[in-house]
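Trainee: So that you have it, the file is target-v2.pdb, and it contains PDB, C-alpha atoms:
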ATOM      1  CA  SER A   3      22.636   3.039  -2.249
ATOM      2  CA  SER A   4      23.422   4.936   0.974
ATOM      3  CA  SER A   5      22.537   8.325  -0.545
ATOM      4  CA  SER A   6      19.122   7.093  -1.708
ATOM      5  CA  GLU A   7      18.490   5.558   1.722
ATOM      6  CA  LYS A   8      19.363   8.850   3.393
ATOM      7  CA  LYS A   9      16.996  10.665   1.032
ATOM      8  CA  LYS A  10      14.174   8.241   1.829
ATOM      9  CA  ASN A  11      14.805   8.604   5.557
ATOM     10  CA  SER A  12      14.829  12.396   5.331
ATOM     11  CA  ILE A  13      11.528  12.365   3.416
ATOM     12  CA  LEU A  14      10.001   9.996   5.970
ATOM     13  CA  LYS A  15      11.197  12.170   8.864
ATOM     14  CA  ALA A  16       9.770  15.270   7.151
ATOM     15  CA  ILE A  17       6.378  13.586   6.745
ATOM     16  CA  ILE A  18       6.384  12.358  10.350
ATOM     17  CA  LYS A  19       7.266  15.884  11.517
ATOM     18  CA  ILE A  20       4.288  17.311   9.607
ATOM     19  CA  TYR A  21       1.815  14.941  11.242
ATOM     20  CA  SER A  22       3.419  15.251  14.682
ATOM     21  CA  ASP A  23       3.100  19.039  14.682
ATOM     22  CA  GLN A  24      -0.207  20.185  16.157
ATOM     23  CA  SER A  25       0.346  23.919  15.789
ATOM     24  CA  GLY A  26      -2.380  24.046  13.131
ATOM     25  CA  SER A  27      -0.442  26.454  10.900
ATOM     26  CA  CYS A  28      -1.877  27.082   7.444
ATOM     27  CA  GLN A  29       1.332  25.925   5.757
ATOM     28  CA  ASN A  30       1.408  22.692   7.743
ATOM     29  CA  LEU A  31      -2.254  21.908   7.046
ATOM     30  CA  THR A  32      -1.838  22.663   3.337
ATOM     31  CA  THR A  33       1.211  20.426   3.026
ATOM     32  CA  GLY A  34      -0.294  17.583   5.045
ATOM     33  CA  LEU A  35      -3.606  17.575   3.168
ATOM     34  CA  SER A  36      -1.891  17.956  -0.225
ATOM     35  CA  ILE A  37       0.007  14.715   0.368
ATOM     36  CA  VAL A  38      -3.287  12.926   1.050
ATOM     37  CA  PHE A  39      -5.056  14.437  -1.997
ATOM     38  CA  VAL A  40      -2.198  13.521  -4.361
ATOM     39  CA  ALA A  41      -1.997   9.977  -2.987
ATOM     40  CA  GLY A  42      -5.776   9.561  -3.280
ATOM     41  CA  ALA A  43      -5.792  10.839  -6.859
ATOM     42  CA  ILE A  44      -3.013   8.476  -7.938
ATOM     43  CA  ILE A  45      -4.676   5.446  -6.342
ATOM     44  CA  GLY A  46      -8.087   6.467  -7.723
ATOM     45  CA  ILE A  47      -6.716   6.669 -11.270
ATOM     46  CA  LEU A  48      -4.921   3.332 -11.051
ATOM     47  CA  MET A  49      -7.606   1.270  -9.305
ATOM     48  CA  PRO A  50     -10.559  -0.408 -11.119
ATOM     49  CA  LYS A  51     -13.569   1.834 -11.663
ATOM     50  CA  ASN A  52     -17.216   1.157 -10.855
ATOM     51  CA  PRO A  53     -18.785  -0.269 -14.060
ATOM     52  CA  ALA A  54     -22.296   0.466 -12.756
ATOM     53  CA  LEU A  55     -21.728   4.207 -13.210
ATOM     54  CA  PRO A  56     -22.975   5.106 -16.718
ATOM     55  CA  HIS A  57     -20.549   7.939 -17.567
ATOM     56  CA  PRO A  58     -16.886   6.912 -18.115
ATOM     57  CA  LEU A  59     -15.502  10.300 -17.023
ATOM     58  CA  TYR A  60     -17.412  10.256 -13.779
ATOM     59  CA  ARG A  61     -16.190   6.724 -13.056
ATOM     60  CA  VAL A  62     -12.699   8.220 -12.825
ATOM     61  CA  ILE A  63     -13.905  11.185 -10.720
ATOM     62  CA  SER A  64     -15.805   8.906  -8.348
ATOM     63  CA  SER A  65     -12.756   6.657  -7.986
ATOM     64  CA  ILE A  66     -10.490   9.635  -7.212
ATOM     65  CA  VAL A  67     -12.923  11.085  -4.660
ATOM     66  CA  GLY A  68     -13.507   7.673  -3.116
ATOM     67  CA  TYR A  69      -9.860   6.777  -2.739
ATOM     68  CA  THR A  70      -8.966  10.239  -1.490
ATOM     69  CA  TYR A  71     -11.454   9.826   1.351
ATOM     70  CA  PHE A  72     -10.136   6.282   1.783
ATOM     71  CA  VAL A  73      -6.586   7.628   2.201
ATOM     72  CA  SER A  74      -7.758  10.464   4.466
ATOM     73  CA  TRP A  75      -9.759   8.219   6.794
ATOM     74  CA  SER A  76      -7.153   5.457   6.633
ATOM     75  CA  VAL A  77      -4.201   7.620   7.666
ATOM     76  CA  SER A  78      -6.238   9.464  10.309
ATOM     77  CA  TYR A  79      -5.065   7.050  13.015
ATOM     78  CA  TYR A  80      -1.377   7.142  12.094
ATOM     79  CA  PRO A  81      -0.654  10.559  13.663
ATOM     80  CA  GLN A  82      -1.963   9.216  16.988
ATOM     81  CA  VAL A  83       0.188   6.091  16.642
ATOM     82  CA  ILE A  84       3.207   8.344  15.957
ATOM     83  CA  THR A  85       2.388  10.603  18.915
ATOM     84  CA  ILE A  86       2.122   7.652  21.304
ATOM     85  CA  ALA A  87       5.410   6.200  20.040
ATOM     86  CA  GLN A  88       7.183   9.546  20.469
ATOM     87  CA  ARG A  89       5.789  10.255  23.926
ATOM     88  CA  GLN A  90       5.856   6.575  24.982
ATOM     89  CA  SER A  91       2.579   7.218  26.712
ATOM     90  CA  VAL A  92      -1.150   7.063  25.956
ATOM     91  CA  GLU A  93      -1.864  10.022  28.250
ATOM     92  CA  GLY A  94      -4.669  12.033  26.687
ATOM     93  CA  LEU A  95      -6.118   9.146  24.644
ATOM     94  CA  SER A  96      -9.416   7.601  25.724
ATOM     95  CA  THR A  97      -9.079   3.829  26.092
ATOM     96  CA  ASP A  98     -12.872   3.532  25.930
ATOM     97  CA  ALA A  99     -12.849   5.186  22.507
ATOM     98  CA  SER A 100     -10.065   2.891  21.304
ATOM     99  CA  VAL A 101     -11.769  -0.327  22.457
ATOM    100  CA  LEU A 102     -15.090   0.740  20.948
ATOM    101  CA  GLY A 103     -13.226   1.704  17.789
ATOM    102  CA  VAL A 104     -12.091  -1.905  17.279
ATOM    103  CA  MET A 105     -15.660  -3.222  17.478
ATOM    104  CA  ASN A 106     -16.812  -0.231  15.443
ATOM    105  CA  PHE A 107     -14.620  -1.104  12.472
ATOM    106  CA  THR A 108     -15.205  -4.824  12.880
ATOM    107  CA  SER A 109     -18.901  -4.148  12.257
ATOM    108  CA  TYR A 110     -18.156  -1.782   9.368
ATOM    109  CA  ALA A 111     -15.736  -4.237   7.735
ATOM    110  CA  ILE A 112     -18.362  -7.003   7.860
ATOM    111  CA  TYR A 113     -21.009  -4.655   6.420
ATOM    112  CA  ASN A 114     -18.908  -3.418   3.475
ATOM    113  CA  ALA A 115     -17.209  -6.725   2.660
ATOM    114  CA  ALA A 116     -20.509  -8.618   2.628
ATOM    115  CA  LEU A 117     -22.296  -6.119   0.394
ATOM    116  CA  PHE A 118     -19.335  -5.977  -1.968
ATOM    117  CA  TRP A 119     -18.401  -9.677  -2.244
ATOM    118  CA  ASN A 120     -21.159 -11.934  -0.917
ATOM    119  CA  GLY A 121     -23.664 -13.034  -3.545
ATOM    120  CA  VAL A 122     -26.357 -14.004  -1.009
ATOM    121  CA  ILE A 123     -26.178 -10.602   0.673
ATOM    122  CA  ARG A 124     -26.250  -8.745  -2.649
ATOM    123  CA  LYS A 125     -29.288 -10.774  -3.745
ATOM    124  CA  GLY A 126     -31.025 -10.010  -0.451
ATOM    125  CA  TYR A 127     -30.291  -6.309  -0.932
ATOM    126  CA  LYS A 128     -31.877  -6.375  -4.415
ATOM    127  CA  GLN A 129     -34.957  -8.152  -3.077
ATOM    128  CA  ARG A 130     -35.285  -5.619  -0.275
ATOM    129  CA  HIS A 131     -34.699  -2.434  -2.327
ATOM    130  CA  GLY A 132     -35.760  -3.501  -5.823
ATOM    131  CA  GLN A 133     -33.981  -5.291  -8.672
ATOM    132  CA  ASP A 134     -33.092  -1.993 -10.357
ATOM    133  CA  SER A 135     -31.413  -0.576  -7.270
ATOM    134  CA  GLU A 136     -27.618  -0.347  -7.380
ATOM    135  CA  ILE A 137     -25.397  -1.217  -4.440
ATOM    136  CA  THR A 138     -23.275   1.889  -3.854
ATOM    137  CA  VAL A 139     -20.624   0.186  -1.703
ATOM    138  CA  GLN A 140     -17.325   0.695  -3.536
ATOM    139  CA  SER A 141     -14.003  -1.128  -3.376
ATOM    140  CA  ASN A 142     -12.525   1.840  -1.506
ATOM    141  CA  ASP A 143     -15.225   1.422   1.179
ATOM    142  CA  VAL A 144     -14.096  -2.161   1.735
ATOM    143  CA  ALA A 145     -10.412  -1.233   1.658
ATOM    144  CA  PHE A 146     -10.931   1.549   4.181
ATOM    145  CA  ALA A 147     -12.925  -0.607   6.612
ATOM    146  CA  LEU A 148     -10.398  -3.462   6.611
ATOM    147  CA  HIS A 149      -7.429  -1.111   6.905
ATOM    148  CA  ALA A 150      -9.078   0.908   9.691
ATOM    149  CA  LEU A 151      -9.713  -2.284  11.633
ATOM    150  CA  LEU A 152      -6.039  -3.219  11.327
ATOM    151  CA  VAL A 153      -4.792   0.200  12.474
ATOM    152  CA  THR A 154      -7.187   0.358  15.441
ATOM    153  CA  LEU A 155      -5.857  -3.033  16.510
ATOM    154  CA  VAL A 156      -2.327  -1.587  16.366
ATOM    155  CA  LEU A 157      -3.505   1.352  18.481
ATOM    156  CA  LEU A 158      -5.051  -1.067  20.970
ATOM    157  CA  GLY A 159      -1.737  -2.906  21.079
ATOM    158  CA  GLN A 160       0.034   0.352  21.962
ATOM    159  CA  ILE A 161      -2.414   0.949  24.801
ATOM    160  CA  ILE A 162      -1.700  -2.509  26.196
ATOM    161  CA  TYR A 163       2.079  -2.089  25.751
ATOM    162  CA  TYR A 164       2.205   1.292  27.493
ATOM    163  CA  LYS A 165      -0.172   0.094  30.252
ATOM    164  CA  GLY A 166      -2.870   2.526  29.206
ATOM    165  CA  PHE A 167      -5.639   0.518  30.824
ATOM    166  CA  GLN A 168      -4.011   1.202  34.198
ATOM    167  CA  THR A 169      -4.192   4.959  33.549
ATOM    168  CA  TYR A 170      -7.672   4.912  32.029
ATOM    169  CA  PRO A 171      -9.521   1.666  32.932
ATOM    170  CA  ILE A 172     -12.372   0.625  30.646
ATOM    171  CA  SER A 173     -15.641   2.032  31.974
ATOM    172  CA  HIS A 174     -18.674  -0.058  32.913
ATOM    173  CA  VAL A 175     -20.616   1.679  30.123
ATOM    174  CA  THR A 176     -18.147   0.425  27.513
ATOM    175  CA  LYS A 177     -18.283  -3.106  28.944
ATOM    176  CA  PHE A 178     -22.088  -2.991  28.842
ATOM    177  CA  ILE A 179     -22.047  -1.809  25.203
ATOM    178  CA  LEU A 180     -19.651  -4.575  24.145
ATOM    179  CA  LEU A 181     -21.741  -7.217  25.926
ATOM    180  CA  GLY A 182     -24.973  -5.856  24.457
ATOM    181  CA  VAL A 183     -23.628  -5.870  20.891
ATOM    182  CA  GLY A 184     -22.338  -9.407  21.296
ATOM    183  CA  ILE A 185     -25.699 -10.672  22.562
ATOM    184  CA  LEU A 186     -27.605  -8.941  19.742
ATOM    185  CA  CYS A 187     -25.338 -10.486  17.106
ATOM    186  CA  ILE A 188     -25.782 -13.982  18.567
ATOM    187  CA  LEU A 189     -29.589 -13.600  18.766
ATOM    188  CA  CYS A 190     -29.752 -12.329  15.182
ATOM    189  CA  ILE A 191     -27.712 -15.260  13.854
ATOM    190  CA  LEU A 192     -29.905 -17.722  15.792
ATOM    191  CA  CYS A 193     -33.082 -16.147  14.323
ATOM    192  CA  ILE A 194     -31.615 -16.404  10.826
ATOM    193  CA  SER A 195     -30.610 -20.030  11.310
ATOM    194  CA  PHE A 196     -33.624 -21.397  13.202
ATOM    195  CA  GLY A 197     -36.341 -18.742  13.135
ATOM    196  CA  PHE A 198     -38.100 -17.388  16.189
ATOM    197  CA  HIS A 199     -41.671 -17.985  17.379
ATOM    198  CA  ILE A 200     -43.777 -15.880  19.751
ATOM    199  CA  GLY A 201     -47.101 -17.708  19.865
ATOM    200  CA  PRO A 202     -48.583 -17.562  16.371
ATOM    201  CA  ILE A 203     -46.003 -14.963  15.274
ATOM    202  CA  GLN A 204     -42.976 -16.315  13.446
ATOM    203  CA  ILE A 205     -39.896 -14.168  12.947
ATOM    204  CA  GLN A 206     -37.608 -15.318  10.139
ATOM    205  CA  LEU A 207     -34.698 -12.979   9.510
ATOM    206  CA  GLN A 208     -32.382 -13.035   6.490
ATOM    207  CA  TRP A 209     -28.658 -12.416   6.260
ATOM    208  CA  ILE A 210     -29.314  -8.943   4.868
ATOM    209  CA  ASP A 211     -30.902  -8.183   8.262
ATOM    210  CA  PHE A 212     -27.665  -9.200   9.985
ATOM    211  CA  ILE A 213     -25.745  -6.865   7.652
ATOM    212  CA  ASN A 214     -28.184  -4.069   8.496
ATOM    213  CA  LEU A 215     -27.558  -4.863  12.175
ATOM    214  CA  MET A 216     -23.825  -4.420  11.510
ATOM    215  CA  ALA A 217     -24.570  -1.066   9.883
ATOM    216  CA  SER A 218     -26.695   0.031  12.840
ATOM    217  CA  THR A 219     -24.000  -1.184  15.250
ATOM    218  CA  LYS A 220     -21.393   0.815  13.338
ATOM    219  CA  LEU A 221     -23.458   4.003  13.551
ATOM    220  CA  ILE A 222     -24.247   3.628  17.251
ATOM    221  CA  LEU A 223     -20.657   2.749  18.090
ATOM    222  CA  THR A 224     -19.419   5.728  16.073
ATOM    223  CA  ILE A 225     -21.313   8.052  18.403
ATOM    224  CA  PHE A 226     -20.111   6.212  21.500
ATOM    225  CA  THR A 227     -16.555   6.153  20.122
ATOM    226  CA  TYR A 228     -16.479   9.941  19.792
ATOM    227  CA  LEU A 229     -18.108  10.684  23.156
ATOM    228  CA  PRO A 230     -15.425   9.253  25.507
ATOM    229  CA  GLN A 231     -12.684  11.323  23.826
ATOM    230  CA  LEU A 232     -14.850  14.450  23.910
ATOM    231  CA  HIS A 233     -15.511  13.856  27.609
ATOM    232  CA  LEU A 234     -11.834  13.183  28.366
ATOM    233  CA  ASN A 235     -10.738  16.364  26.586
ATOM    234  CA  TYR A 236     -13.372  18.317  28.509
ATOM    235  CA  SER A 237     -12.425  16.847  31.903
ATOM    236  CA  ARG A 238      -8.705  17.483  31.287
ATOM    237  CA  LYS A 239      -9.347  20.890  29.673
ATOM    238  CA  SER A 240      -6.612  19.818  27.289
ATOM    239  CA  THR A 241      -6.035  18.013  23.993
ATOM    240  CA  VAL A 242      -2.331  17.365  24.634
ATOM    241  CA  GLY A 243      -1.433  13.757  23.860
ATOM    242  CA  TRP A 244      -4.331  13.420  21.453
ATOM    243  CA  ASN A 245      -3.262  14.273  17.904
ATOM    244  CA  ILE A 246      -5.541  16.809  16.187
ATOM    245  CA  TRP A 247      -4.499  15.508  12.753
ATOM    246  CA  GLN A 248      -6.826  12.583  13.404
ATOM    247  CA  VAL A 249      -9.741  15.025  13.372
ATOM    248  CA  VAL A 250      -8.458  16.920  10.304
ATOM    249  CA  PHE A 251      -8.291  13.686   8.288
ATOM    250  CA  ASP A 252     -11.540  12.379   9.750
ATOM    251  CA  PHE A 253     -13.380  15.574   8.776
ATOM    252  CA  THR A 254     -11.871  15.573   5.271
ATOM    253  CA  GLY A 255     -12.870  11.949   4.781
ATOM    254  CA  GLY A 256     -16.399  12.663   5.985
ATOM    255  CA  VAL A 257     -16.888  15.455   3.460
ATOM    256  CA  LEU A 258     -15.492  13.439   0.542
ATOM    257  CA  SER A 259     -17.464  10.319   1.513
ATOM    258  CA  LEU A 260     -20.693  12.303   1.481
ATOM    259  CA  LEU A 261     -19.816  13.892  -1.873
ATOM    260  CA  GLN A 262     -19.088  10.519  -3.469
ATOM    261  CA  LEU A 263     -22.362   9.046  -2.224
ATOM    262  CA  VAL A 264     -24.444  11.941  -3.570
ATOM    263  CA  TRP A 265     -22.596  12.229  -6.891
ATOM    264  CA  ASP A 266     -22.734   8.460  -7.524
ATOM    265  CA  SER A 267     -26.483   8.484  -6.896
ATOM    266  CA  ILE A 268     -26.961  11.407  -9.296
ATOM    267  CA  ASP A 269     -24.902   9.689 -11.983
ATOM    268  CA  LEU A 270     -26.968   6.520 -11.510
ATOM    269  CA  ASP A 271     -30.127   8.642 -11.881
ATOM    270  CA  ASP A 272     -31.407   7.102  -8.654
ATOM    271  CA  LEU A 273     -30.870   9.755  -6.001
ATOM    272  CA  TYR A 274     -33.273   8.349  -3.420
ATOM    273  CA  HIS A 275     -32.270   4.663  -3.459
ATOM    274  CA  GLY A 276     -28.617   5.507  -4.079
ATOM    275  CA  ILE A 277     -28.388   7.631  -0.942
ATOM    276  CA  PHE A 278     -30.815   5.923   1.424
ATOM    277  CA  GLY A 279     -29.984   2.427   0.176
ATOM    278  CA  ASN A 280     -26.513   3.078   1.613
ATOM    279  CA  TRP A 281     -27.887   4.918   4.639
ATOM    280  CA  ALA A 282     -25.025   3.745   6.843
ATOM    281  CA  LYS A 283     -22.532   5.735   4.790
ATOM    282  CA  LEU A 284     -24.853   8.775   4.771
ATOM    283  CA  VAL A 285     -25.441   8.886   8.517
ATOM    284  CA  LEU A 286     -21.808   8.001   9.257
ATOM    285  CA  SER A 287     -20.600  11.002   7.263
ATOM    286  CA  CYS A 288     -23.037  13.355   9.018
ATOM    287  CA  ILE A 289     -22.095  12.083  12.499
ATOM    288  CA  THR A 290     -18.421  12.442  11.612
ATOM    289  CA  LEU A 291     -18.804  16.085  10.565
ATOM    290  CA  ILE A 292     -20.791  17.034  13.688
ATOM    291  CA  CYS A 293     -18.433  15.369  16.182
ATOM    292  CA  ASP A 294     -15.304  16.592  14.421
ATOM    293  CA  GLY A 295     -16.681  20.117  14.635
ATOM    294  CA  ALA A 296     -16.878  19.672  18.417
ATOM    295  CA  PHE A 297     -13.293  18.382  18.486
ATOM    296  CA  PHE A 298     -12.059  21.402  16.528
ATOM    297  CA  ALA A 299     -13.787  23.708  19.001
ATOM    298  CA  GLN A 300     -12.171  21.901  21.961
ATOM    299  CA  HIS A 301      -8.720  22.047  20.394
ATOM    300  CA  ILE A 302      -8.966  25.779  19.667
ATOM    301  CA  ILE A 303     -10.322  26.660  23.122
ATOM    302  CA  TYR A 304      -8.001  24.452  25.168
ATOM    303  CA  SER A 305      -4.907  25.219  23.078
ATOM    304  CA  ASP A 306      -5.401  28.917  23.779
ATOM    305  CA  GLU A 307      -5.669  28.173  27.508
ATOM    306  CA  GLU A 308      -2.611  25.910  27.457
ATOM    307  CA  ASP A 309      -0.469  28.508  25.740
ATOM    308  CA  HIS A 310      -0.962  30.669  28.812
ATOM    309  CA  SER A 311      -0.738  27.843  31.352
ATOM    310  CA  LEU A 312       1.789  27.393  34.137
ATOM    311  CA  SER A 313       5.105  25.604  33.614
ATOM    312  CA  THR A 314       5.391  21.837  33.410
ATOM    313  CA  GLU A 315       6.601  21.609  37.014
ATOM    314  CA  GLN A 316       3.630  23.571  38.285
ATOM    315  CA  ASN A 317       1.348  21.241  36.379
ATOM    316  CA  GLY A 318       3.045  18.160  37.836
ATOM    317  CA  ALA A 319       0.017  17.241  39.916
ATOM    318  CA  THR A 320      -2.025  16.546  36.791
ATOM    319  CA  GLY A 321       0.799  15.132  34.717
ATOM    320  CA  TYR A 322       0.010  17.430  31.768
ATOM    321  CA  VAL A 323       2.377  19.756  29.965
ATOM    322  CA  SER A 324       1.474  23.005  28.296
ATOM    323  CA  PHE A 325       0.705  23.058  24.587
ATOM    324  CA  SER A 326       3.773  25.190  23.881
ATOM    325  CA  GLU A 327       5.983  22.772  25.820
ATOM    326  CA  GLU A 328       4.446  19.818  23.975
ATOM    327  CA  ARG A 329       5.295  21.395  20.637
ATOM    328  CA  ARG A 330       8.860  22.037  21.798
ATOM    329  CA  ILE A 331       9.264  18.398  22.866
ATOM    330  CA  LEU A 332       7.791  16.935  19.658
ATOM    331  CA  ASN A 333       9.841  19.185  17.437
TER     332      ASN A 333
END
Starting from the file, lay out its structure as structure tokens.
Mentor:
Amino acid sequence: SSSSEKKKNSILKAIIKIYSDQSGSCQNLTTGLSIVFVAGAIIGILMPKNPALPHPLYRVISSIVGYTYFVSWSVSYYPQVITIAQRQSVEGLSTDASVLGVMNFTSYAIYNAALFWNGVIRKGYKQRHGQDSEITVQSNDVAFALHALLVTLVLLGQIIYYKGFQTYPISHVTKFILLGVGILCILCILCISFGFHIGPIQIQLQWIDFINLMASTKLILTIFTYLPQLHLNYSRKSTVGWNIWQVVFDFTGGVLSLLQLVWDSIDLDDLYHGIFGNWAKLVLSCITLICDGAFFAQHIIYSDEEDHSLSTEQNGATGYVSFSEERRILN
């Protein structure tokens, strides 16, 4: 009834307040991460387990770890969506990073979905890595990639709605990257379909090569997705408008993703092929941890400077508010 609705609304407002607050307090971080860990554990217990893992107990552990990183990475974009909705502005968010993020997760969704569902791709993987090799792409990998693609599209929609491309137009570098990826994908598909001849040399690619291209595209775009936001934060000397919770969840997901990959490979008694057969996940986790470390450093340094900055009116020329003022507004 009305009382239960009020209770639900109060809980929702409390959760939104947690992920809107960027003070970085220990209590806030503990509460916010605990919600993610509990949700991941519940989903991991309820969802189907990987039958390829030989030990029943570890199947449950792997599922919990996998879905906890799935939840962490999946919700990492929601704090930014909330921040934009509250401020009704995309000030502080790199539009280049957001556009590249859409193509980034498009590539990753294709990679994971194909290796998980497509029989031709799975057969090609076995032929390439050996019949005894296990495909370590899990259902949570597929779920994360598809969900991340959906949320980045929502974020892109916010940028369009709040006229973000007028504030931060897409750079020529981003346009060049998008064009280059599109051309590579078309050429790869043509080589798979018709082959390619250079004199006596014939190049005949398989669909597993296209999936590997998607993996490579994902890794390259991950780097280029992080760089524009790092550069924007540096040029503004501020992280206001860009929600730090995105980095907290991204870092947590990176650690758990790496742990699941290593532990699954150990349980399969195939450490080398288990890890390097899913090299996209390995490198992605490492890149994530390195770049998130840089983001943490920026947030700490610039937040300290903003706490001692001039008033909002004095900063009117740049359009930025101090970190303390931002917290007052959001709370």
Trainee: Kindly provide, as lines of an AutoDock Vina configuration file, the centre and edge lengths (Å, one decimal) of an axis-aligned box around all atoms of region 80-96 of chain A given in the file, with 3 Å on each side.
Mentor:
center_x = -1.1
center_y = 9.1
center_z = 20.2
size_x = 22.6
size_y = 11.9
size_z = 22.2
Trainee: Given the file shown, enumerate the residues that the PyMOL selection byres ((chain A and resi 227) around 12) captures and present them as a PyMOL selection string.
Mentor: chain A and resi 95-107+154+175-176+179-180+219-226+228-234+289-290+293-294
Trainee: In Å to one decimal, how far is CA of Ile161 (chain A) from CA of Lys239 (chain A)?
Mentor: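 Answer for the CA of Lys239 (chain A) to CA of Ile161 (chain A) separation: 21.7 Å.
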Trainee: Show me, as a Markdown table, the residues of region 59-174 of chain A having an atom within 6 Å of region 250-255 of chain A, each with the closest atom pair and its distance in Å, using all atoms listed in the file.
Mentor:
| residue | atom | partner | partner_atom | distance |
| --- | --- | --- | --- | --- |
| A:Tyr71 | CA | A:Gly255 | CA | 4.3 |
| A:Ser74 | CA | A:Phe251 | CA | 5.0 |
| A:Trp75 | CA | A:Gly255 | CA | 5.3 |
| A:Ser78 | CA | A:Phe251 | CA | 5.1 |
Trainee: Check what the PyMOL selection byres ((chain A and resi 295-302) around 8) selects in the file above and give those residues as a compact mmCIF listing (two decimals) with C-alpha atoms, in the coordinates of the input.
Mentor:
# COMPACT_ATOMS: atom_id res chain seq x y z
CA LEU A 232 -14.85 14.45 23.91
CA ASN A 235 -10.74 16.36 26.59
CA TYR A 236 -13.37 18.32 28.51
CA SER A 240 -6.61 19.82 27.29
CA THR A 241 -6.04 18.01 23.99
CA ILE A 246 -5.54 16.81 16.19
CA VAL A 249 -9.74 15.02 13.37
CA LEU A 291 -18.80 16.08 10.56
CA ILE A 292 -20.79 17.03 13.69
CA CYS A 293 -18.43 15.37 16.18
CA ASP A 294 -15.30 16.59 14.42
CA ILE A 303 -10.32 26.66 23.12
CA TYR A 304 -8.00 24.45 25.17
CA SER A 305 -4.91 25.22 23.08
CA ASP A 306 -5.40 28.92 23.78
Trainee: At a cut-off of 8 Å, using all atoms listed in the file, what residues contact Ser65 (chain A)? Leave out same-chain residues fewer than 5 positions from it and give the result as a PDB file with C-alpha atoms, keeping the file's coordinate frame.
Mentor:
ATOM      1  CA  GLY A  46      -8.087   6.467  -7.723  1.00  0.00           C
ATOM      2  CA  ILE A  47      -6.716   6.669 -11.270  1.00  0.00           C
ATOM      3  CA  MET A  49      -7.606   1.270  -9.305  1.00  0.00           C
ATOM      4  CA  LYS A  51     -13.569   1.834 -11.663  1.00  0.00           C
ATOM      5  CA  ASN A  52     -17.216   1.157 -10.855  1.00  0.00           C
TER       6      ASN A  52
END
Trainee: Can you tell me how far CA of Gln208 (chain A) sits from CA of Lys128 (chain A), in Å to one decimal?
Mentor: 12.8 Å
Trainee: Work out how far CA of Val242 (chain A) is from CA of Val285 (chain A), in Å to one decimal.
Mentor: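 A separation of 29.4 Å between them.
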